file structure.cif (mmCIF, C-alpha atoms)
data_data
loop_
_atom_site.label_atom_id
_atom_site.label_comp_id
_atom_site.auth_asym_id
_atom_site.auth_seq_id
_atom_site.Cartn_x
_atom_site.Cartn_y
_atom_site.Cartn_z
CA MET A 158 -10.57 -0.03 -31.26
CA PHE A 159 -9.02 -1.86 -28.32
CA SER A 160 -5.37 -2.48 -29.04
CA THR A 161 -4.23 -6.07 -29.30
CA SER A 162 -0.64 -5.18 -30.12
CA ARG A 163 0.86 -7.16 -27.26
CA HIS A 164 -1.33 -10.23 -27.59
CA ILE A 165 1.27 -12.11 -29.62
CA SER A 166 1.82 -15.74 -28.77
CA ARG A 167 5.57 -15.94 -28.82
CA PRO A 168 8.24 -16.24 -26.13
CA LEU A 169 10.05 -13.08 -25.09
CA ARG A 170 13.72 -13.56 -24.18
CA LEU A 171 15.05 -11.08 -21.62
CA THR A 172 18.51 -10.71 -20.10
CA CYS A 173 19.16 -9.61 -16.55
CA ARG A 174 22.23 -7.37 -16.83
CA ARG A 175 23.25 -7.69 -13.19
CA SER A 176 23.69 -11.44 -13.23
CA MET A 177 23.63 -12.05 -17.01
CA GLU A 178 21.02 -14.70 -16.32
CA THR A 179 18.72 -15.32 -19.26
CA TYR A 180 15.13 -16.32 -18.77
CA THR A 181 12.06 -16.65 -20.97
CA ARG A 182 8.47 -15.61 -20.47
CA ARG A 183 5.48 -15.36 -22.75
CA THR A 184 3.42 -12.33 -23.55
CA PRO A 185 -0.11 -12.30 -22.12
CA PRO A 186 -2.52 -14.40 -24.20
CA PRO A 187 -5.21 -12.66 -26.23
CA PRO A 188 -8.57 -12.21 -24.51
CA PRO A 189 -11.20 -14.88 -25.14
CA ALA A 190 -13.47 -14.10 -28.08
CA GLU A 191 -16.40 -13.36 -25.73
CA VAL A 192 -14.39 -10.81 -23.76
CA ALA A 193 -12.96 -9.21 -26.90
CA SER A 194 -16.49 -8.81 -28.28
CA LEU A 195 -17.76 -7.34 -25.02
CA LEU A 196 -14.85 -4.90 -24.84
CA GLN A 197 -15.52 -3.81 -28.41
CA GLY A 198 -19.14 -3.14 -27.52
CA TYR A 199 -18.21 -1.05 -24.48
CA HIS A 200 -15.70 0.94 -26.49
CA GLY A 201 -18.64 2.97 -27.77
CA GLN A 202 -19.95 3.51 -24.23
CA PRO A 203 -17.20 5.48 -22.47
CA PRO A 204 -17.75 6.11 -18.75
CA HIS A 205 -19.03 9.49 -17.68
CA SER A 206 -18.67 11.25 -14.37
CA VAL A 207 -21.61 10.77 -12.05
CA PRO A 208 -22.55 12.90 -9.04
CA LEU A 209 -21.56 11.39 -5.73
CA ALA A 210 -25.07 12.37 -4.59
CA GLN A 211 -26.51 9.89 -7.09
CA VAL A 212 -24.41 7.06 -5.64
CA VAL A 213 -25.34 8.07 -2.08
CA SER A 214 -29.05 8.51 -2.84
CA PHE A 215 -29.73 4.76 -2.99
CA GLY A 216 -28.94 4.49 0.71
CA GLU A 217 -30.53 7.68 2.00
CA ASP A 218 -33.99 6.16 2.33
CA LEU A 219 -33.17 2.49 2.50
CA SER A 220 -35.65 -0.01 1.06
CA PRO A 221 -35.60 -3.19 -1.05
CA GLU A 222 -36.49 -1.10 -4.08
CA SER A 223 -33.62 1.37 -3.53
CA VAL A 224 -31.08 -1.43 -3.06
CA VAL A 225 -32.19 -3.23 -6.25
CA ALA A 226 -31.96 0.10 -8.08
CA SER A 227 -28.43 0.49 -6.70
CA ALA A 228 -27.49 -2.96 -8.03
CA ASN A 229 -28.67 -2.01 -11.51
CA PHE A 230 -26.72 1.25 -11.31
CA VAL A 231 -23.57 -0.69 -10.39
CA LEU A 232 -24.06 -3.04 -13.35
CA SER A 233 -24.52 -0.12 -15.73
CA GLU A 234 -21.58 1.94 -14.46
CA ILE A 235 -18.75 -0.31 -13.32
CA PRO A 236 -18.29 -2.36 -16.54
CA ARG A 237 -17.73 0.87 -18.49
CA ARG A 238 -14.99 1.91 -16.10
CA LEU A 239 -13.37 -1.51 -16.08
CA ALA A 240 -13.40 -1.58 -19.89
CA GLN A 241 -11.60 1.77 -19.88
CA ARG A 242 -8.95 0.40 -17.49
CA VAL A 243 -8.42 -2.67 -19.70
CA GLN A 244 -7.96 -0.38 -22.70
CA SER A 245 -5.46 1.81 -20.84
CA LEU A 246 -3.44 -1.27 -19.88
CA ASP A 247 -3.55 -2.49 -23.49
CA ASN A 248 -2.12 0.86 -24.58
CA LEU A 249 0.95 0.67 -22.37
CA PRO A 250 4.29 0.14 -24.13
CA PHE A 251 4.69 -3.47 -25.21
CA ILE A 252 7.59 -4.24 -22.87
CA VAL A 253 5.69 -2.80 -19.89
CA GLY A 254 2.64 -4.90 -20.72
CA THR A 255 4.73 -8.07 -20.57
CA ASN A 256 5.76 -7.41 -16.96
CA PRO A 257 4.18 -10.18 -14.84
CA PHE A 258 2.85 -7.73 -12.24
CA ILE A 259 1.24 -5.49 -14.87
CA GLY A 260 -0.05 -8.63 -16.58
CA ARG A 261 -1.65 -9.76 -13.35
CA ILE A 262 -3.49 -6.44 -13.03
CA HIS A 263 -4.62 -6.70 -16.67
CA GLU A 264 -6.00 -10.16 -16.01
CA LEU A 265 -7.83 -9.03 -12.86
CA TYR A 266 -9.51 -6.13 -14.64
CA GLN A 267 -10.40 -8.29 -17.63
CA ASP A 268 -11.95 -10.97 -15.42
CA GLY A 269 -13.85 -8.41 -13.36
CA PHE A 270 -15.14 -6.75 -16.51
CA LYS A 271 -16.39 -10.04 -17.95
CA THR A 272 -18.12 -10.98 -14.68
CA LEU A 273 -20.07 -7.74 -14.37
CA ALA A 274 -20.69 -7.13 -18.08
CA THR A 275 -22.47 -10.50 -18.32
CA TYR A 276 -24.17 -10.55 -14.92
CA PRO A 277 -28.00 -10.53 -15.11
CA ALA A 278 -29.61 -7.51 -13.48
CA PRO A 279 -31.18 -8.39 -10.10
CA GLN A 280 -34.95 -8.11 -10.02
CA ASN A 281 -35.56 -8.65 -6.32
CA ILE A 282 -33.78 -8.56 -2.98
CA GLU A 283 -32.81 -12.27 -3.07
CA GLU A 284 -31.13 -11.88 -6.45
CA ASN A 285 -29.45 -8.71 -5.18
CA TRP A 286 -27.97 -10.61 -2.26
CA ALA A 287 -26.36 -13.15 -4.60
CA PHE A 288 -25.03 -10.27 -6.69
CA THR A 289 -23.71 -8.46 -3.60
CA ARG A 290 -21.73 -11.51 -2.50
CA ARG A 291 -20.22 -11.82 -5.97
CA LEU A 292 -19.38 -8.11 -6.01
CA GLU A 293 -17.77 -8.50 -2.60
CA GLU A 294 -15.54 -11.25 -3.98
CA LEU A 295 -14.46 -8.98 -6.84
CA VAL A 296 -13.66 -6.14 -4.45
CA GLY A 297 -11.51 -8.51 -2.42
CA ALA A 298 -9.73 -9.75 -5.53
CA HIS A 299 -8.70 -6.16 -6.33
CA ALA A 300 -7.58 -5.26 -2.80
CA ASP A 301 -3.89 -5.44 -3.77
CA ASP A 302 -3.98 -3.62 -7.10
CA ILE A 303 -1.80 -0.69 -6.03
CA PRO A 304 1.09 -2.69 -4.49
CA ILE A 305 1.08 -4.99 -7.53
CA MET A 306 1.18 -2.03 -9.92
CA ALA A 307 3.85 -0.35 -7.78
CA LYS A 308 6.06 -3.41 -8.12
CA GLY A 309 5.43 -3.62 -11.86
CA PHE A 310 6.16 0.02 -12.62
CA LYS A 311 9.25 -0.06 -10.42
CA GLU A 312 10.60 -2.89 -12.56
CA CYS A 313 9.66 -1.01 -15.76
CA ALA A 314 11.04 2.40 -14.76
CA ARG A 315 13.52 2.45 -17.66
CA TYR A 316 10.74 2.02 -20.25
CA MET A 317 8.48 4.96 -19.31
CA THR A 318 9.30 8.53 -18.34
CA PRO A 319 8.33 9.60 -14.81
CA GLU A 320 5.78 11.99 -16.32
CA LYS A 321 4.06 9.25 -18.31
CA THR A 322 4.15 6.89 -15.36
CA SER A 323 2.60 9.52 -13.08
CA ALA A 324 -0.12 10.35 -15.61
CA PHE A 325 -1.03 6.67 -15.97
CA LEU A 326 -1.02 6.01 -12.22
CA ASN A 327 -3.01 9.14 -11.38
CA SER A 328 -5.70 8.11 -13.85
CA ALA A 329 -5.67 4.47 -12.73
CA ILE A 330 -5.86 5.30 -9.03
CA ARG A 331 -8.61 7.91 -9.45
CA ASP A 332 -10.63 5.37 -11.42
CA ARG A 333 -9.98 2.79 -8.73
CA ILE A 334 -11.22 5.14 -5.99
CA ALA A 335 -14.44 5.69 -7.94
CA LEU A 336 -14.88 1.96 -8.56
CA ARG A 337 -14.38 1.18 -4.88
CA LEU A 338 -16.82 3.90 -3.81
CA ILE A 339 -19.55 2.67 -6.16
CA ALA A 340 -19.03 -1.02 -5.31
CA GLU A 341 -18.59 -0.65 -1.56
CA GLN A 342 -21.51 1.76 -1.28
CA HIS A 343 -23.76 -0.91 -2.74
CA ILE A 344 -22.28 -3.66 -0.58
CA SER A 345 -22.70 -1.53 2.53
CA ILE A 346 -26.36 -0.65 1.96
CA SER A 347 -27.14 -4.26 0.99
CA TYR A 348 -25.77 -5.47 4.31
CA SER A 349 -27.58 -2.70 6.17
CA LEU A 350 -30.92 -3.72 4.66
CA ARG A 351 -30.27 -7.41 5.32
CA GLU A 352 -29.51 -6.64 8.97
CA GLY A 353 -32.81 -4.83 9.42
CA GLY A 354 -31.96 -1.26 8.51
CA ARG A 355 -34.68 0.68 6.70
CA GLY A 356 -35.55 4.30 6.12
CA LYS A 357 -33.24 7.23 6.83
CA SER A 358 -30.03 6.88 8.82
CA THR A 359 -28.86 9.68 11.09
CA LYS A 360 -25.21 8.57 11.09
CA THR A 361 -24.16 6.63 8.01
CA VAL A 362 -25.20 6.39 4.39
CA GLY A 363 -23.33 3.40 3.07
CA VAL A 364 -19.61 4.17 3.27
CA ILE A 365 -20.14 7.83 4.20
CA ASP A 366 -20.14 8.53 7.93
CA LYS A 367 -22.03 11.75 8.61
CA LYS A 368 -20.28 12.04 11.98
CA THR A 369 -16.69 11.14 11.07
CA SER A 370 -14.54 12.00 14.09
CA PRO A 371 -10.95 13.07 13.31
CA LYS A 372 -10.08 12.59 16.99
CA ALA A 373 -11.24 8.95 16.95
CA LEU A 374 -9.47 8.20 13.69
CA ILE A 375 -6.27 9.91 14.84
CA GLY A 376 -6.34 7.83 18.01
CA MET A 377 -6.83 4.59 16.09
CA CYS A 378 -4.24 5.34 13.39
CA GLY A 379 -1.82 6.72 15.98
CA ARG A 380 -1.98 3.51 17.98
CA PHE A 381 -1.43 1.44 14.87
CA VAL A 382 1.56 3.48 13.65
CA SER A 383 2.98 3.46 17.19
CA GLU A 384 2.92 -0.35 17.19
CA LEU A 385 4.48 -0.40 13.72
CA SER A 386 7.15 2.07 14.84
CA GLU A 387 7.94 0.18 18.04
CA ALA A 388 8.29 -3.06 16.08
CA SER A 389 10.48 -1.69 13.28
CA LEU A 390 12.31 1.31 14.81
CA GLY A 391 12.33 0.45 18.50
CA SER A 392 10.44 3.50 19.77
CA CYS A 393 7.70 5.97 18.90
CA PRO A 394 6.88 9.62 19.67
CA GLU A 395 3.75 10.67 21.51
CA VAL A 396 0.81 12.05 19.53
CA LYS A 397 -0.66 15.22 21.05
CA LEU A 398 -4.06 16.62 20.02
CA GLU A 399 -5.24 20.22 20.13
CA GLY A 400 -8.01 22.31 18.63
CA GLN A 401 -11.71 21.35 18.47
CA LEU A 402 -11.43 17.74 19.54
CA ASP A 403 -15.18 17.06 19.46
CA ALA A 404 -15.56 18.21 15.82
CA THR A 405 -17.13 15.84 13.29
CA PHE A 406 -17.89 16.01 9.57
CA ALA A 407 -19.37 13.88 6.78
CA TYR A 408 -16.66 11.88 5.05
CA VAL A 409 -15.48 8.42 3.96
CA PRO A 410 -13.55 7.23 7.04
CA VAL A 411 -11.29 4.79 5.20
CA HIS A 412 -9.92 7.65 3.06
CA LEU A 413 -9.00 9.70 6.11
CA GLU A 414 -7.52 6.61 7.78
CA TYR A 415 -5.13 6.13 4.88
CA ILE A 416 -4.12 9.81 4.74
CA LEU A 417 -3.47 10.00 8.49
CA THR A 418 -1.56 6.74 8.60
CA GLU A 419 0.79 7.67 5.76
CA VAL A 420 1.54 11.13 7.17
CA LEU A 421 2.07 9.76 10.69
CA LYS A 422 4.40 7.03 9.40
CA ASN A 423 6.58 9.71 7.79
CA SER A 424 6.44 11.98 10.84
CA PHE A 425 7.31 9.16 13.25
CA ARG A 426 10.26 7.97 11.20
CA ALA A 427 11.65 11.48 10.69
CA THR A 428 11.36 12.25 14.42
CA ILE A 429 13.11 9.03 15.47
CA GLU A 430 15.89 9.39 12.91
CA ARG A 431 16.61 12.95 14.05
CA HIS A 432 16.32 12.57 17.83
CA GLY A 433 17.38 8.98 18.45
CA HIS A 434 15.59 5.79 19.37
CA SER A 435 14.84 6.53 23.01
CA SER A 436 11.15 7.33 23.48
CA SER A 437 11.94 9.60 26.42
CA SER A 438 13.95 11.96 24.21
CA LEU A 439 11.46 12.20 21.35
CA PRO A 440 9.41 15.39 20.87
CA PRO A 441 5.71 14.79 20.20
CA VAL A 442 3.87 14.86 16.89
CA THR A 443 1.17 17.51 17.38
CA ILE A 444 -2.13 17.39 15.48
CA THR A 445 -4.53 20.35 15.40
CA ILE A 446 -8.19 19.83 14.43
CA SER A 447 -9.99 22.84 12.93
CA PRO A 448 -13.46 22.55 11.33
CA SER A 449 -15.05 25.26 9.17
CA SER A 450 -16.64 28.05 11.14
CA ILE A 451 -19.19 28.72 8.35
CA PRO A 452 -21.98 26.17 7.69
CA SER A 453 -22.04 24.37 4.37
CA SER A 454 -24.14 25.83 1.54
CA PRO A 455 -24.58 25.05 -2.18
CA SER A 456 -22.12 27.82 -3.04
CA ARG A 457 -19.66 27.19 -0.21
CA PRO A 458 -18.85 23.69 1.05
CA ALA A 459 -17.65 23.16 4.59
CA TYR A 460 -14.21 21.73 5.32
CA MET A 461 -12.31 19.91 8.01
CA SER A 462 -8.72 21.04 8.37
CA LEU A 463 -5.91 19.25 10.16
CA ARG A 464 -2.32 20.28 10.84
CA ILE A 465 0.21 17.56 11.65
CA ARG A 466 3.44 19.04 13.04
CA ASP A 467 6.61 17.08 13.69
CA GLN A 468 10.13 18.00 14.74
CA GLY A 469 11.88 15.60 12.41
CA GLY A 470 14.29 18.10 10.87
CA GLY A 471 12.26 19.05 7.82
CA ILE A 472 12.77 17.98 4.21
CA SER A 473 15.82 18.87 2.17
CA PRO A 474 15.15 21.04 -0.93
CA ALA A 475 16.40 18.24 -3.19
CA ASN A 476 13.96 15.74 -1.67
CA PHE A 477 11.10 18.20 -1.40
CA ARG A 478 10.96 18.66 -5.18
CA LYS A 479 10.31 14.93 -5.55
CA ILE A 480 8.32 14.18 -2.41
CA PHE A 481 5.03 13.63 -4.26
CA SER A 482 6.57 11.74 -7.17
CA TYR A 483 5.70 8.06 -7.53
CA ALA A 484 8.60 5.74 -6.74
CA PHE A 485 10.53 8.42 -4.84
CA THR A 486 11.38 7.21 -1.35
CA THR A 487 13.81 7.99 1.42
CA ALA A 488 13.26 4.53 2.96
CA GLY A 489 16.03 2.00 2.45
CA GLU A 490 15.54 -0.97 0.18
CA SER A 491 15.75 -3.26 3.20
CA SER A 492 12.41 -1.94 4.42
CA VAL A 493 10.60 -3.32 1.41
CA SER A 494 8.86 -6.61 2.06
CA ASP A 495 7.99 -8.81 -0.87
CA PRO A 496 4.25 -8.27 -1.42
CA PHE A 497 3.65 -11.81 -2.61
CA ASP A 498 5.60 -13.40 0.22
CA GLU A 499 3.58 -11.42 2.75
CA GLY A 500 0.15 -11.71 1.21
CA MET A 501 -0.04 -8.12 0.02
CA GLY A 502 -1.84 -6.08 2.68
CA GLY A 503 -4.41 -4.06 0.83
CA GLY A 504 -2.93 -1.09 -0.97
CA PRO A 505 -4.48 2.26 -0.12
CA TYR A 506 -7.50 0.44 1.26
CA ALA A 507 -5.22 -1.47 3.58
CA ALA A 508 -6.29 1.16 6.07
CA GLN A 509 -9.33 -1.06 6.54
CA HIS A 510 -7.02 -3.42 8.44
CA VAL A 511 -6.51 -0.77 11.11
CA GLY A 512 -10.14 -1.17 12.04
CA GLY A 513 -12.02 1.27 9.87
CA SER A 514 -15.34 2.74 10.84
CA ALA A 515 -16.13 -0.46 12.73
CA ALA A 516 -13.55 0.48 15.31
CA ILE A 517 -14.85 3.91 16.18
CA GLY A 518 -17.76 3.58 18.39
CA GLY A 519 -20.42 1.21 17.14
CA GLY A 520 -23.81 2.42 16.00
CA ASP A 521 -24.35 2.31 12.30
CA SER A 522 -20.64 2.09 11.73
CA THR A 523 -20.45 -1.47 12.96
CA GLY A 524 -21.64 -4.30 10.92
CA GLY A 525 -20.68 -7.93 11.18
CA ALA A 526 -19.15 -9.82 8.35
CA GLY A 527 -20.40 -7.42 5.71
CA ASN A 528 -18.49 -4.41 6.99
CA MET A 529 -15.89 -3.67 4.32
CA PHE A 530 -13.83 -1.77 6.89
CA GLY A 531 -13.69 -4.69 9.30
CA GLU A 532 -11.55 -5.47 12.30
CA ILE A 533 -7.81 -5.77 12.18
CA THR A 534 -6.66 -8.94 10.44
CA GLY A 535 -3.88 -11.32 11.34
CA LYS A 536 -1.42 -9.85 8.88
CA GLY A 537 -2.64 -6.26 9.13
CA VAL A 538 -0.02 -5.18 11.65
CA GLN A 539 2.71 -7.11 9.84
CA VAL A 540 2.16 -5.92 6.30
CA GLY A 541 -1.17 -4.18 5.85
CA LEU A 542 0.10 -0.60 5.89
CA GLY A 543 3.75 -1.42 5.44
CA THR A 544 3.28 -2.97 1.99
CA LEU A 545 4.10 0.24 0.15
CA ALA A 546 7.02 1.24 2.38
CA GLY A 547 10.10 1.88 0.28
CA LEU A 548 8.12 1.93 -2.98
CA GLY A 549 7.48 5.68 -2.78
CA TYR A 550 3.69 5.56 -3.17
CA GLY A 551 2.53 6.54 0.33
CA LEU A 552 2.51 10.35 0.17
CA PRO A 553 1.48 10.63 -3.52
CA LEU A 554 -1.53 8.41 -2.77
CA ALA A 555 -2.36 10.32 0.41
CA LYS A 556 -2.35 13.55 -1.60
CA LEU A 557 -4.52 12.00 -4.31
CA TYR A 558 -7.05 10.80 -1.73
CA SER A 559 -7.13 14.19 -0.01
CA GLU A 560 -7.86 15.95 -3.32
CA TYR A 561 -10.36 13.42 -4.63
CA PHE A 562 -13.60 15.20 -3.67
CA GLY A 563 -12.35 18.52 -5.02
CA GLY A 564 -13.48 21.97 -4.00
CA GLY A 565 -10.07 23.07 -2.76
CA SER A 566 -9.34 19.92 -0.77
CA GLY A 567 -5.75 18.79 -0.57
CA LEU A 568 -2.58 18.02 1.32
CA GLU A 569 0.34 20.45 1.59
CA LEU A 570 3.72 20.03 3.23
CA VAL A 571 5.61 23.03 4.66
CA PRO A 572 9.12 22.02 5.79
CA LEU A 573 11.12 24.12 8.23
CA ASP A 574 14.67 23.17 7.44
CA GLY A 575 16.49 21.96 10.53
CA PHE A 576 13.34 21.85 12.67
CA GLY A 577 10.49 19.79 11.24
CA THR A 578 7.53 19.70 8.87
CA ASP A 579 3.97 20.96 9.02
CA CYS A 580 1.46 18.95 7.00
CA PHE A 581 -1.82 20.75 6.27
CA ILE A 582 -4.79 18.59 5.27
CA LYS A 583 -8.04 20.18 4.05
CA LEU A 584 -10.98 17.85 3.38
CA ARG A 585 -14.32 18.73 1.85
CA SER A 586 -17.31 17.76 3.98
CA LEU A 587 -19.84 15.54 2.21
CA GLU A 588 -22.71 16.49 4.50
CA ARG A 589 -24.90 17.58 1.59
CA GLY A 590 -24.50 14.17 -0.03
CA GLY A 591 -21.80 15.37 -2.40
CA ASP A 592 -24.20 17.44 -4.50
CA GLU A 593 -21.42 19.06 -6.56
CA VAL A 594 -18.91 16.21 -6.34
CA LEU A 595 -18.40 14.10 -9.46
CA ILE A 596 -16.74 10.69 -9.40
#

call {"tool": "encode", "arguments": {"input": "structure.cif", "output": "structure tokens"}}
result
Amino acid sequence: MFSTSRHISRPLRLTCRRSMETYTRRTPPPPPAEVASLLQGYHGQPPHSVPLAQVVSFGEDLSPESVVASANFVLSEIPRRLAQRVQSLDNLPFIVGTNPFIGRIHELYQDGFKTLATYPAPQNIEENWAFTRRLEELVGAHADDIPIMAKGFKECARYMTPEKTSAFLNSAIRDRIALRLIAEQHISISYSLREGGRGKSTKTVGVIDKKTSPKALIGMCGRFVSELSEASLGSCPEVKLEGQLDATFAYVPVHLEYILTEVLKNSFRATIERHGHSSSSLPPVTITISPSSIPSSPSRPAYMSLRIRDQGGGISPANFRKIFSYAFTTAGESSVSDPFDEGMGGGPYAAQHVGGSAAIGGGDSTGGAGNMFGEITGKGVQVGLGTLAGLGYGLPLAKLYSEYFGGGSGLELVPLDGFGTDCFIKLRSLERGGDEVLI
């Protein structure tokens, strides 16, 4: 049964201890009868993990029939997952559920669930196009989920233990990654078909780039973080590359963009704080690219490994124990911009504002207005990747993204006290279409 414990129509009087200012706000209203009935029906249809290969398969041999089949898959899968997220939000402690930021997320998920749970299944390519545009609007509406949740849980820290908060956020963010993959895969192949793409692609299958170039992504993210660093800290270290610079692998570029950007932001700041603000005195941040030497097989996936080495003085033992905890940050409060004042970047997927796959060399990666990883936006440099600064979510999210496809993937930090930090990133190649990967 979906809990309705916090849907009580009465004012809630809260007191701000710091200023002793009293203010009143109401608990979220109960869901409309139609939504409540739909949620009850989906309660008996819990989501199940699906192979990534199944999601990818609709775009491997692109045709009107495969795209319509993808639309029907989206409509069968996403409402279940959204219903689960609504239920998890309903089950939060009452006082947490009344937080306006958490309430906003609850409303977004509830509205998205209703839209897709009642949407008629497309029967042809014209109906699919209308559905794709609506799905695109929903994806955009949820672009800021993580910064909004970060703000809400920061305000509610006293009402949930760090362990319970981490468990909730890990589940919510993993579900969100899956939802974005399923939705954006369909949007991407729909645009590809509309723009004349048919049959098999040698480079991209929806959001998966079979020839993802770490060198290109490092260059793009490095330039972005350098601009951010120059603007906020007054200087930036050089990024040096070594290893197999021409190596490529099959991956979701926007995931790697986010991981690289968060690690580089930490490395740049640590280097500048240790060595001063003069660019001429800063040691470089060195990145080594190392692909698997053994080809991928059903029993042994291939990997792409990266090492990011800085000379920022390392991480103190006290901080290292908490470095991957949500809401832990070494950034000062003054670095936090108000997400609503700034328009809220885009959470983990704010990496799309750096330029995404559209910025790395054309071909199938480019794509007009439909490319979900489009060109840099007006506010991208200002707030896109800085939204989470000071909220302590950057590295935990980067680690979660690195581990998402499993098989031993992950992100590990090795600090050398007094010298710097080595960050090792190991990412599973998806060149076989993610045969063994479940999302």

call {"tool": "resolve_selection", "arguments": {"input": "structure.cif", "expression": "the PyMOL selection byres ((chain A and resi 262-279) around 7)", "output": "number ranges by chain"}}
result
A: 192, 225, 228-229, 232, 236, 239-240, 243, 246, 258-261, 280-281, 284-285, 295, 302

call {"tool": "residues_around", "arguments": {"input": "structure.cif", "residues": "Thr369 in chain A", "least_positions_apart": "6", "cutoff": "6 Å", "atoms": "all atoms listed in the file", "output": "JSON, numbers by chain"}}
result
{"A": [405, 406, 407]}

call {"tool": "atom_distance", "arguments": {"input": "structure.cif", "atom1": "CA of Tyr550 in chain A", "atom2": "CA of Pro394 in chain A"}}
result
23.4 Å

call {"tool": "resolve_selection", "arguments": {"input": "structure.cif", "expression": "the PyMOL selection byres ((chain A and resi 440) around 10)", "output": "list in words"}}
result
Cys393, Pro394, Glu395, Val396, Thr428, Ile429, His432, Ser436, Ser437, Ser438, Leu439, Pro441, Val442, Thr443, Asp467, Gln468 and Gly469 of chain A

call {"tool": "closest_residue", "arguments": {"input": "structure.cif", "among": "A:Gly470, A:Ala475, A:Phe325, A:Tyr561", "to": "Phe576 in chain A", "atoms": "all atoms listed in the file"}}
result
A:Gly470

call {"tool": "closest_residue", "arguments": {"input": "structure.cif", "among": "A:Leu292, A:Ile446, A:Ile346, A:Ala298", "to": "Lys397 in chain A", "atoms": "only C-alpha atoms"}}
result
A:Ile446

call {"tool": "atom_distance", "arguments": {"input": "structure.cif", "atom1": "CA of Pro186 in chain A", "atom2": "CA of Glu234 in chain A"}}
result
26.9 Å

call {"tool": "atom_distance", "arguments": {"input": "structure.cif", "atom1": "CA of Leu587 in chain A", "atom2": "CA of Ile334 in chain A"}}
result
15.8 Å

call {"tool": "resolve_selection", "arguments": {"input": "structure.cif", "expression": "the PyMOL selection byres ((chain A and resi 483) around 12)", "output": "JSON, numbers by chain"}}
result
{"A": [303, 306, 307, 308, 310, 311, 314, 318, 319, 320, 321, 322, 323, 324, 325, 326, 327, 330, 479, 480, 481, 482, 484, 485, 486, 545, 547, 548, 549, 550, 551, 552, 553, 554, 555, 556, 557]}

call {"tool": "closest_residue", "arguments": {"input": "structure.cif", "among": "A:Ala335, A:Ile451, A:Leu568, A:Cys580", "to": "Pro208 in chain A", "atoms": "only C-alpha atoms"}}
result
A:Ala335

call {"tool": "residues_around", "arguments": {"input": "structure.cif", "residues": "Arg589 in chain A", "least_positions_apart": "5", "cutoff": "12 Å", "atoms": "only C-alpha atoms", "output": "list in words"}}
result
Pro208, Leu209, Ala210, Gln211, Val213, Ser214, Glu217, Val362, Ile365, Lys367, Phe406, Ala407, Tyr408, Pro452, Ser453, Ser454, Pro455, Ser456, Arg457, Pro458, Ala459 and Val594 of chain A

call {"tool": "residues_near_point", "arguments": {"input": "structure.cif", "point": "(-13.1, 19.3, 5.3)", "cutoff": "10 Å", "atoms": "all atoms listed in the file", "output": "list of chain:residue names"}}
result
A:Thr405, A:Phe406, A:Ala407, A:Tyr408, A:Ser447, A:Pro448, A:Ser449, A:Pro458, A:Ala459, A:Tyr460, A:Met461, A:Ser462, A:Leu463, A:Ser559, A:Phe562, A:Gly564, A:Gly565, A:Ser566, A:Gly567, A:Ile582, A:Lys583, A:Leu584, A:Arg585, A:Ser586, A:Leu587

call {"tool": "residues_around", "arguments": {"input": "structure.cif", "residues": "Ile472 in chain A", "least_positions_apart": "2", "cutoff": "9 Å", "atoms": "only C-alpha atoms", "output": "short mmCIF file (atom, residue, chain, number, x, y, z; two decimals) with C-alpha atoms, in the coordinates of the input"}}
result
data_model
loop_
_atom_site.label_atom_id
_atom_site.label_comp_id
_atom_site.auth_asym_id
_atom_site.auth_seq_id
_atom_site.Cartn_x
_atom_site.Cartn_y
_atom_site.Cartn_z
CA GLY A 469 11.88 15.60 12.41
CA GLY A 470 14.29 18.10 10.87
CA PRO A 474 15.15 21.04 -0.93
CA ALA A 475 16.40 18.24 -3.19
CA ASN A 476 13.96 15.74 -1.67
CA PHE A 477 11.10 18.20 -1.40
CA ILE A 480 8.32 14.18 -2.41
CA VAL A 571 5.61 23.03 4.66
CA PRO A 572 9.12 22.02 5.79
CA LEU A 573 11.12 24.12 8.23
CA ASP A 574 14.67 23.17 7.44
CA GLY A 575 16.49 21.96 10.53
CA GLY A 577 10.49 19.79 11.24
CA THR A 578 7.53 19.70 8.87
#

call {"tool": "residues_near_point", "arguments": {"input": "structure.cif", "point": "(-14.2, 5.4, 2.6)", "cutoff": "7 Å", "atoms": "only C-alpha atoms", "output": "VMD selection string"}}
result
chain A and resid 364 to 365 409 to 412

call {"tool": "closest_residue", "arguments": {"input": "structure.cif", "among": "A:Tyr199, A:Trp286, A:Phe425, A:Phe251", "to": "Ser227 in chain A", "atoms": "only C-alpha atoms"}}
result
A:Trp286

call {"tool": "closest_residue", "arguments": {"input": "structure.cif", "among": "A:His434, A:Ser328, A:Leu196, A:Arg337", "to": "Glu387 in chain A", "atoms": "all atoms listed in the file"}}
result
A:His434
